[in-house]
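Presented below is the structure to which this report refers.
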Amino acid sequence: MRGVSFKKGTILLERVIVVAVLVLVVYLLVVAYQKFIDQQRVNSAVENAVNLIEKARSRTLSSQGGTSGLYYYIEVDSNTNRIVLRDQNGNTIETLDLSITPVLIEPPVGAPANTFFFAKSDCLPSNNDLRFERLTGDAKLFDGTNWSSLCATNYNFFTVRLKKNASGVAPTHTIKILNTGNVQIL
């Protein structure tokens with residue numbers, strides 16, 4: 001009888017260990033899957049934002065819309081979490097609405113408090129309107145009255161990240177607009 005109870009105890013202990021290992025494996029798989037999904041959400045938002053910026057530049061360079069000298073611009077609004085493509089008359093062409101996703105648009109990390117997203121050639125903060133030059137595709141910013149070149153600082157970009165993340169580390173990408181109008185993903 002003694003051998004039988006010892007054997008039953010060993011079998012029970014083995015089952016507990018197997019269940020504990022299975023629980024650990026399932027937990028690790030769920031965490032890895034959640035990180036993958038979070039990264040894909042940010043990647044998708046970044047890709048859509050870059051596509052909209054490049055669409056504004058492309059439409060400006062190709063004179064799409066039929067009017068001579070027509071330009072398009074991008075309006076970045078972190079309050080509504082939207083990026084809007086507009087023509088020079090302010091008509092909305094397309095809107096990327098990130099408010100329905102768990103993704104945030106933010107000013108660059110380390111930027112002065114009064115810097116929205118972009119800085120003009122005098123390196124003073126501008127509003128969030130970015131347009132492209134008709135013949136060159138160069139990026140320009142609106143200061144409320146005039147369009148001017150981008151500042152040469154590192155503040156001509158914005159960050160796209162998750163609103164929250166269970167692991168505490170949110171996947172983040174930065175979109176930088178160069179003076180030439182080209183877009184870099186950092």
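Identifiers in this document derive from the order of the structure tokens: chains are assigned A, B, ..., residues are numbered from 1 separately in each chain, and ligands are numbered from 1 in order of occurrence.
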- Task: Tell me, as a count of residues only, which residues lie within 8 Å of A:Asn81, counting only C-alpha atoms; anything in the same chain fewer than 5 positions away does not count.
- Result: 6
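Among A:Ala45, A:Val183, A:Leu24, A:Ile53, the residue with the shortest atom-to-atom distance to A:Val160, counting only C-alpha atoms, is A:Ala45.
The smallest atom-to-atom distance between A:Lys55 and any of A:Arg15, A:Gln39, A:Trp147, A:Ile74, using only C-alpha atoms, is found for A:Ile74.
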- Might you pull out every residue within 9 Å of A:Asp38, with only C-alpha atoms counted and same-chain residues fewer than 6 positions away left off, and present them as a ChimeraX atom specification? /A:102,162,165,170-171
- Task: Might you pull out every residue within 12 Å of A:Leu135, with only C-alpha atoms counted and same-chain residues fewer than 4 positions away left off, and present them as a VMD selection string?
- Result: chain A and resid 57 to 63 68 to 71 139 180 to 181
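Among A:Arg86, A:Tyr73, A:Arg41, A:Ala49, the residue with the shortest atom-to-atom distance to A:Lys176, counting only C-alpha atoms, is A:Ala49.
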- Task: Using atom CA of A:Asp77 and atom CA of A:Lys140 as the two end points, give the distance in Å to one decimal.
- Result: 17.0 Å
